[in-house]
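Novice: Take this structure, written in structure tokens, and hold onto it; I'll ask about it next.
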Amino acid sequence: MTASSSITRLNFTVLMHDLENSVGKNSPKVRDIAMTAVPEPPKADCRPVTITYHGRDRIDNYAWLKDANWQEVMRDPSKLKEEIRAYLEAENSHTQLALSGTKQLQATLIKEMRGRLEEDEASVPAKDGAYEYSTRFETGGQHPIFCRRRGQSSSEEVLLHGDKEAKGQSFFKIGGYAHSTDHLRLAYAVDLNGSERFQVRVRDLITGRDFSTKIEDAKGDIAWANDGKTLFYTMLDDNHRPFRVMRHTVDMEQKRDDLIYEEADPGFFVSLDKSQSGQYIIISAYDHTTSEIYLIDANNPSSPPEIVTPRKVDIEYSVAPIGEKLLILTNADDAEDFKIVETPLSNPNRENWKDVVPHEPGRLIRTILEFSNHLIRLERVDGLPRIIIRDIISGAEHTVEFDEEVYELNVLPGYEFDTTTLRFSYSSMTTPLRTYDYNMVNRSRELRKEQVVPSGHRSEDYVTRRLMAPSHDGALVPVSLLYHKKTPLDGTAPVLLYGYGSYGLAMPASFTTNVFSMVERGFIYAIAHIRGGTEKGYGWYLEGKLNKKENTFLDFIASAEHLI
């Protein structure tokens with residue numbers, strides 16, 4: 001049997017097994033469902049168009065399906081050409097008809113999946129001065145509700161009720177959200193038509209009313225200066241690229257906003273953040289392999305942005321200001337898996353960079369998070385994440401330890417900088433998401449929240465494992481497994497094998513409630529951490545892109561063969 005036919009067999013077995021174990025006594029038989037006859041699918045007209053790039057011609061038979069006025073369509077979907085809309089609706093109708101024999105199965109699965117979701121979920125409150133901020137949902141609701149308390153004993157104050165804001169809207173989505181440092185105002189971004197062009201609004205938290213000005217064509221990332229009245233935001237161009245950073249004064253008209261930064265390179269994007277210390281507004285200009293950062297003094301928002309170091313092709317960096325130093329995560333100097341350097345804030349250019357955490361091949365430093373006395377780094381080694389705590393003064397380090405064979409971690413930035421508490425999340429393929437507060441000095445941890453599965457979940461009923469599948473060139477591909485402890489491992493159990501392998505994205509071996517509808521029916525769920533992702537370092541990504549893209553597919557085939 002060839003590798004490609006093995007994968008076909010895996011996928012076909014999954015489909016048949018799913019149907020066999022989901023239909024009731026009065027439902028159509030499996031074979032009837034699988035073989036339900038449907039009309040021929042709609043066929044798009046073939047309208048050849050010659051497109052020339054780099055002196056070479058290619059024929060696009062279906063270019064007409066891209067509306068020439070797509071920018072306007074993104075702003076207002078109702079303006080899509082009628083012939084395109086008609087074809088898309090015909091495709092949707094065909095899909096509904098083709099799946100009509102599985103309606104009972106769909107209803108069963110939806111009921112199961114919803115039964116595993118905590119509809120009134122709430123986040124762990126995050127302290128910021130005298131307040132604790134949190135987000136929650138209400139049963140039957142669809143949108144988040146943003147709240148705060150002034151101390152643990154006080155009553156809850158609702159700042160923004162997403163479900164109420166959404167009433168009367170055909171589409172509603174909340175994007176960025178940030179309260180001012182003086183706790184008097186709230187900036188939030190909303191998308192009202194699905195275009196992902198957000199409108200930024202500012203709410204007076206004393207009166208509970210929004211200011212009249214609404215900022216249009218925003219990306220949704222926002223940051224307050226420390227005066228509580230100056231707001232920075234990013235704008236989108238006609239191609240939906242965030243390209244400008246603007247400065248807005250509360251209750252002033254948008255046309256009076258100041259342009260702070262504009263990215264001229266059409267291949268670069270712009271994003272906005274605020275440092276953990278609250279000292280700086282951070283402007284990042286970047287593409288997939290190159291970055292450049294500017295800092296604005298958050299205490300002096302009218303000051304011009306100051307560049308950290310000019311962009312250089314294929315050099316990436318991010319920053320963490322602590323006191324008079326700037327800590328930088330970068331791949332400079334051939335640090336493929338990244339290293340950490342420090343430099344004076346007064347003169348941060350690259351010639352002043354000094355290594356703090358040297359490059360170590362195979363140890364990918366994913367991100368850093370700064371506190372007044374500690375630096376946190378989240379790493380990945382051999383496909384597994386780990387959290388390292390570093391004392392800023394002494395340089396001493398320790399690792400936060402975990403017991404399971406396969407798991408996923410994330411550090412969760414809060415509002416406070418001068419603290420010894422790190423908040424992080426942990427889950428595995430068998431263990432629901434847990435949120436911990438970790439004391440970086442005495443190394444104790446407190447469980448603050450564990451994801452609730454209302455229909456019930458017993459972690460001990462399931463097994464998670466990590467296998468290494470040899471690929472065509474000898475590279476070992478990590479494969480994460482999840483299955484019920486009663487599932488036979490004799491080759492009779494069906495397998496759903498998932499892989500991604502693109503853009504340097506690592507696929508987490510985390511807790512996902514939906515997959516248990518398969519696992520409870522005897523499936524083995526497998527994630528192949530194939531090349532093109534960064535599970536085994538940045539080199540793992542480079543070995544799965546461009547002229548080495550074939551490795552991505554061969555890794556996936558090798559993973560399937562190893563499981564068979």
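Each chain in the structure tokens gets a letter, A, B, ..., in the order shown, and its residues are numbered from 1; ligands are numbered from 1 in order too.
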As a list in words, please: the residues near A:Tyr438 (cut-off 7 Å, only C-alpha atoms, same-chain neighbours under 2 positions excluded).

Specialist: Thr421, Leu422, Arg423, Tyr436, Met440, Arg443, Ser444, Arg445 and Glu446 of chain A

Novice: Mind giving me the straight-line distance from atom CA of A:Asp418 to atom CA of A:Asp204 in Å, one decimal?

Specialist: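 A separation of 27.7 Å between them.
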
Novice: Could you tell me which of A:Glu405, A:Asp555, A:Glu460, A:Glu119 comes closest to A:Leu476 if we count only C-alpha atoms?

Specialist: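 Checking each of A:Glu405, A:Asp555, A:Glu460, A:Glu119 against A:Leu476, counting only C-alpha atoms, the winner is A:Asp555.
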
Novice: Can you work out which one of A:His240, A:His529, A:Lys66, A:His359 has the shortest atom-to-atom distance to A:Gly267, counting only C-alpha atoms?

Specialist: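 For A:Gly267, the nearest of the candidates is A:His240.
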
Novice: Neighbouring residues of A:Ser78 were defined as those with any atom within 10 Å, considering only C-alpha atoms; residues of the same chain fewer than 6 positions away were excluded. Please report them as a list in words.

Specialist: Glu72, Arg85 and Asn193 of chain A

Novice: With N, CA and C atoms retained, export the selected residues as a PDB file, in the first residue's frame.

Specialist:
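Okay, out-v7.pdb is ready:
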```pdb
ATOM      1  N   GLU A  72     -14.173  47.613  -1.695  1.00  0.00           N
ATOM      2  CA  GLU A  72     -15.465  48.138  -1.267  1.00  0.00           C
ATOM      3  C   GLU A  72     -16.347  47.032  -0.707  1.00  0.00           C
ATOM      4  N   ARG A  85     -22.182  36.286  -6.113  1.00  0.00           N
ATOM      5  CA  ARG A  85     -23.027  35.886  -4.986  1.00  0.00           C
ATOM      6  C   ARG A  85     -23.883  34.670  -5.347  1.00  0.00           C
ATOM      7  N   ASN A 193     -19.880  44.833  10.407  1.00  0.00           N
ATOM      8  CA  ASN A 193     -20.344  44.208   9.161  1.00  0.00           C
ATOM      9  C   ASN A 193     -19.509  43.024   8.705  1.00  0.00           C
TER      10      ASN A 193
END
```

Novice: Could you name the residues that touch A:Tyr131 at 10 Å or less, counting only C-alpha atoms, but leaving out those on the same chain fewer than 4 positions away, as a list of chain:residue names?

Specialist: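 Returned residues: A:Pro125, A:Ala126, A:Lys127, A:Arg148, A:Arg149, A:Arg150, A:Gly151, A:Gln152, A:Ser154, A:His183.
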
Novice: When you look at A:Arg366 with a cut-off of 8 Å (counting only C-alpha atoms), what residues show up, excluding the ones that are within fewer than 5 positions of it in the same chain? I need them as an MDAnalysis selection string.

Specialist: chainID A and resid 377:380
